[in-house]
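Data first, discussion second: the structure below is written as structure tokens.
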Amino acid sequence: MRKSEVLAAESVACLNKALCHLKDIWEEIGIPEDQRLQRTNVVKNHIQGMLDMMIAEEESLKKRLISSLETCRKELETLTLELQFPPFEEEKGNSMLQQEKDIRTRVEILVKERSQRMQQLKALVEQDQDLSDILCSQAYAITPNCVPSMEQLDSFRRHISNQMAEKGRRRAEFVDVKRQIILCMEDLDQLPETSFEKDIVCEDEDAFCLSRENITSLKLLLCQLEARKAENEAVCESHREKIQELWSRLQVPQEEREAFSEHMVTSKKRNLEALQAEVQRLEEIKLRNIVNVIEAIRSEIAVLWEKCFFSTDQRQAFLAYFSEEFTEELLSLHEAEILHLKRHYEEHQELFEGVHRWENSWRLFLELEKKATDPSRFTNRGGNLLKEEKQRSELHKSLPKLEKKLKAQIDVWELEQGREFLVHEQKFLPFVEEQWELHRIEKEREKLERHLKKNKQTEEDMLYGTSVRTPTKRRFLGTATPGKTRKGPGARTPGRSRAPHGGLQERQKENIAQVNVSPLCGGLRTTASPQRTISIHSVASTYSEFAKDLSNPESIQSREISPRPPTPNASQLS
């Protein structure tokens with residue numbers, strides 16, 4: 001049994017006890033029956049009224065509870081739809097009071113969630129509005145009075161993040177372009193003129209609207225200023241080149257140049273004005289010294305003619321170069337000509353420098369080739385011989401590569417110019433081939449001369465015995481040891497001759513024919529002098545035979561070690 005039911009039974013028992021007690025009192029007092037009935041009715045009515053009042057209060061409480069429950073359910077349904085949550089499921093078997101409590105607690109949670117979402121939405125809307133104002137972009141498409149879903153809030157946050165990044169990028173771009181614009185204006189000595197320029201330079205950076213149109217206009221302004229700055233720099237550079245040229249021609253003192261050096265670096269407005277004034281001043285001086293100026297230009301023209309390999313006809317075509325009437329018109333012709341030559345040299349500088357480089361390399365190559373044939377080079381002890389040989393080898397490899405490169409450049413040059421490329425008034429490539437051919441012929445001639453000289457010396461040694469040779473251990477048949485005499489009956493008597501050994505005669509067969517002994521006069525007679533006897537045909541009929549003979553070590557050795565013929569004495573001649 002419930003405690004409430006026990007308490008109700010006790011209340012009934014207490015009421016019965018009270019009524020019995022009242023009855024006993026009434027009996028003791030002697031209250032009549034009609035008054036007892038009346039008094040009992042009063043008690044009954046009093047108790048009945050109190051109970052009715054209590055019941056009415058509880059009924060009212062029940063009605064309020066039912067009403068509250070309906071209200072909470074409606075509110076819960078509305079919040080669930082707004083927040084896009086799944087429907088709330090009530091637990092079965094709960095009392096009305098528990099249901100009302102559970103629903104009311106759920107409603108409070110959803111109300112709090114809705115409030116938080118609305119606050120987040122409000123903050124995001126404010127940020128988006130600020131960014132839209134700065135970037136001049138459209139606001140994010142979302143209804144500010146509706147409760148957003150979590151997905152909508154996440155998408156809104158990403159949009160804000162992208163806008164913040166775009167703002168940062170445009171801000172950095174704006175600051176960088178603004179800095180460049182200010183520098184350009186300073187170089188041009190220009191102040192902001194339009195309202196847009198004033199907004200850029202003078203106003204606060206945070207107040208500048210970072211719209212795409214403004215950024216584009218900003219870049220356009222910078223391009224215009226840079227174009228003007230570049231134009232000024234080009235004009236200044238042109239003036240500087242003119243000033244340097246006039247300084248050189250007029251031989252302006254170094255002190256005056258240094259005093260003007262400030263304007264030879266920067267290109268601001270005041271520098272431009274100073275350069276223009278200096279050019280004008282030098283032009284006036286130039287007109288007063290026109291003869292010296294023209295002579296100076298002619299010297300420069302002559303140098304450029306050499307650099308560009310101009311022929312005599314090309315040089316004589318510029319008739320003003322030989323004129324003696326020094327006028328402004330003549331000066332103008334010379335200035336135009338040197339400008340033309342400078343442009344021509346700059347356009348084909350790589351080709352001209354390549355030809356000069358080939359000439360220098362070829363000259364060095366010939367010098368090294370000449371040193372390579374110098375016998376005194378072996379007395380070197382400083383390592384120069386090895387260096388020269390290495391340098392000569394490198395030139396022998398690099399020259400053909402350079403010639404191949406020059407050939408391609410010359411083909412392009414001739415195609416553009418419509419004429420042949422001449423160096424020293426002859427075509428360069430045939431000239432190069434001719435130099436190599438002359439070098440080859442010279443090398444063959446030197447080899448031939450050395451061979452002829454060696455053969456001549458050998459024949460003279462064989463004829464006159466004038467060769468000084470290094471003693472060797474090997475002896476030939478029929479030769480005697482110098483400084484010793486034979487003893488005994490077989491000793492030779494001075495003045496007497498002895499027939500040469502057979503083997504020696506055999507080896508000297510080719511030389512005997514050149515010596516005739518006259519029995520009549522007893523004198524030595526040669527058929528011809530060595531100069532007339534020795535010829536190219538006596539050494540080798542062709543250069544190939546000479547090379548073959550030279551490459552045969554046995555042939556060379558046989559010539560070097562052949563014994564010289566004995567010198568005739570008086571007894572033999574008699």
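Labels used: A, B, ... for chains in the order of the structure tokens, numbers from 1 for residues in each chain, and numbers from 1 for ligands as shown.
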Who sits within 12 Å of Leu319 of chain A, only C-alpha atoms, same chain under 4 positions skipped, as a list in words: Arg298, Asp313, Gln314, Arg315, Ser323, Glu324, Glu325, Leu330, Leu333, His334 and Glu337 of chain A
I'd like a table as JSON lines: residues in segment 254-343 of chain A with an atom no more than 8 Å from segment 425-436 of chain A, each row giving the shortest atom pair and its distance in Å to one decimal, only C-alpha atoms counted, sorted by chain and rising residue number.
```
{"residue": "A:Phe310", "atom": "CA", "partner": "A:Glu425", "partner_atom": "CA", "distance": 7.9}
{"residue": "A:Ser311", "atom": "CA", "partner": "A:Glu425", "partner_atom": "CA", "distance": 5.3}
{"residue": "A:Thr312", "atom": "CA", "partner": "A:Glu425", "partner_atom": "CA", "distance": 7.6}
```
Same residues, all heavy atoms, output as a PDB file, in the first residue's frame:
```pdb
ATOM      1  N   PHE A 310      85.618  46.594 -92.645  1.00  0.00           N
ATOM      2  CA  PHE A 310      85.201  47.318 -93.843  1.00  0.00           C
ATOM      3  C   PHE A 310      86.329  47.289 -94.869  1.00  0.00           C
ATOM      4  O   PHE A 310      87.507  47.472 -94.543  1.00  0.00           O
ATOM      5  CB  PHE A 310      84.845  48.769 -93.497  1.00  0.00           C
ATOM      6  CG  PHE A 310      83.389  48.956 -93.172  1.00  0.00           C
ATOM      7  CD1 PHE A 310      82.708  48.035 -92.400  1.00  0.00           C
ATOM      8  CD2 PHE A 310      82.683  50.062 -93.644  1.00  0.00           C
ATOM      9  CE1 PHE A 310      81.374  48.188 -92.091  1.00  0.00           C
ATOM     10  CE2 PHE A 310      81.345  50.231 -93.340  1.00  0.00           C
ATOM     11  CZ  PHE A 310      80.695  49.293 -92.562  1.00  0.00           C
ATOM     12  N   SER A 311      85.942  47.076 -96.136  1.00  0.00           N
ATOM     13  CA  SER A 311      86.923  47.078 -97.218  1.00  0.00           C
ATOM     14  C   SER A 311      87.278  48.517 -97.601  1.00  0.00           C
ATOM     15  O   SER A 311      86.655  49.482 -97.135  1.00  0.00           O
ATOM     16  CB  SER A 311      86.358  46.335 -98.426  1.00  0.00           C
ATOM     17  OG  SER A 311      85.212  47.025 -98.925  1.00  0.00           O
ATOM     18  N   THR A 312      88.280  48.636 -98.466  1.00  0.00           N
ATOM     19  CA  THR A 312      88.700  49.978 -98.907  1.00  0.00           C
ATOM     20  C   THR A 312      87.564  50.681 -99.662  1.00  0.00           C
ATOM     21  O   THR A 312      87.334  51.882 -99.478  1.00  0.00           O
ATOM     22  CB  THR A 312      89.938  49.858 -99.807  1.00  0.00           C
ATOM     23  OG1 THR A 312      90.981  49.178 -99.093  1.00  0.00           O
ATOM     24  CG2 THR A 312      90.439  51.235-100.223  1.00  0.00           C
TER      25      THR A 312
END
```
Alpha helix (DSSP H) call set, DSSP backbone run, segment 278-487 of chain A, as a PyMOL selection string: chain A and resi 278-288+290-308+312-316+328-347+349-372+384-417+428-464
Selection near segment 157-164 of chain A, 9 Å with only C-alpha atoms, sequence-local residues under 3 positions removed, as an NGL selection string: :A and (124 or 127-128 or 131-132 or 135 or 140 or 152-154 or 167-169)
Distance of atom CA of Val201 of chain A from atom CA of Glu233 of chain A, expressed in Å to one decimal place: 23.4 Å
Residue contacts of Cys209 of chain A (8 Å, only C-alpha atoms) excluding same-chain residues fewer than 5 positions away, as number ranges by chain: A: 133-136, 214
Distance in Å - atom CA of Glu258 of chain A versus atom CA of Lys286 of chain A: 20.0 Å
List as CSV every residue of segment 255-334 of chain A that is in contact with segment 217-229 of chain A, defined as an atom at most 10 Å from one of its atoms (using only C-alpha atoms), together with the nearest atom pair and the distance in Å rounded to one decimal, sorted by chain and then rising number.
```
residue,atom,partner,partner_atom,distance
A:Ser267,CA,A:Lys229,CA,8.2
A:Lys268,CA,A:Lys229,CA,8.3
A:Lys269,CA,A:Lys229,CA,9.5
```
Can those selected residues be exported to a file as a PDB file, in the first residue's frame so that it contains all heavy atoms?
```pdb
ATOM      1  N   SER A 267      67.790  59.424 -62.236  1.00  0.00           N
ATOM      2  CA  SER A 267      67.022  59.932 -63.396  1.00  0.00           C
ATOM      3  C   SER A 267      65.768  60.666 -62.927  1.00  0.00           C
ATOM      4  O   SER A 267      64.694  60.493 -63.510  1.00  0.00           O
ATOM      5  CB  SER A 267      66.655  58.780 -64.334  1.00  0.00           C
ATOM      6  OG  SER A 267      67.791  58.101 -64.786  1.00  0.00           O
ATOM      7  N   LYS A 268      65.893  61.467 -61.887  1.00  0.00           N
ATOM      8  CA  LYS A 268      64.753  62.252 -61.443  1.00  0.00           C
ATOM      9  C   LYS A 268      64.578  63.482 -62.336  1.00  0.00           C
ATOM     10  O   LYS A 268      65.376  63.728 -63.247  1.00  0.00           O
ATOM     11  CB  LYS A 268      64.939  62.658 -59.985  1.00  0.00           C
ATOM     12  CG  LYS A 268      64.948  61.461 -59.029  1.00  0.00           C
ATOM     13  CD  LYS A 268      65.033  61.906 -57.583  1.00  0.00           C
ATOM     14  CE  LYS A 268      64.980  60.701 -56.642  1.00  0.00           C
ATOM     15  NZ  LYS A 268      65.040  61.098 -55.218  1.00  0.00           N
ATOM     16  N   LYS A 269      63.527  64.233 -62.041  1.00  0.00           N
ATOM     17  CA  LYS A 269      63.211  65.367 -62.898  1.00  0.00           C
ATOM     18  C   LYS A 269      64.340  66.382 -62.928  1.00  0.00           C
ATOM     19  O   LYS A 269      64.725  66.883 -63.993  1.00  0.00           O
ATOM     20  CB  LYS A 269      61.915  66.017 -62.418  1.00  0.00           C
ATOM     21  CG  LYS A 269      61.423  67.134 -63.321  1.00  0.00           C
ATOM     22  CD  LYS A 269      60.116  67.698 -62.799  1.00  0.00           C
ATOM     23  CE  LYS A 269      59.627  68.842 -63.707  1.00  0.00           C
ATOM     24  NZ  LYS A 269      58.358  69.404 -63.213  1.00  0.00           N
TER      25      LYS A 269
END
```
Shell of 9 Å around segment 85-96 of chain A, only C-alpha atoms, local chain residues under 2 positions omitted, as JSON, numbers by chain: {"A": [62, 65, 66, 69, 76, 77, 79, 80, 81, 82, 83, 98, 99, 100, 101, 102, 103, 106]}
Residue neighbourhood Leu366 of chain A, 9 Å, only C-alpha atoms, exclusion window fewer than 5 positions, as number ranges by chain: A: 361, 371, 392, 439
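With only C-alpha atoms as the atoms that count, the minimum distance from Arg170 of chain A to the choices A:Thr266, A:Ser11, A:Thr216, A:Thr327 is reached by A:Thr216.
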Long-range neighbours of Ser393 of chain A as number ranges by chain, 10 Å cut-off, only C-alpha atoms, 6 positions minimum in chain: A: 365, 368, 387
What would the file look like if the residues just selected were written as a PDB file, in the first residue's frame with C-alpha atoms?
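That gives us out04.pdb:
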```pdb
ATOM      1  CA  PHE A 365      98.862  28.853 -82.895  1.00  0.00           C
ATOM      2  CA  LEU A 368     103.480  27.877 -80.843  1.00  0.00           C
ATOM      3  CA  LYS A 387     102.361  24.539 -71.089  1.00  0.00           C
TER       4      LYS A 387
END
```
Residue among A:Ser68, A:Thr105, A:Ser248, A:Gln276 lying closest to Glu300 of chain A, counting only C-alpha atoms: A:Ser248
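Across the model, the gap from atom CA of Arg419 of chain A to atom CA of Asn360 of chain A is 25.4 Å.
Closest approach to Arg240 of chain A from the set A:Leu402, A:Ala259, A:Glu173, A:Leu272 is made by A:Leu272, with distances taken over only C-alpha atoms.
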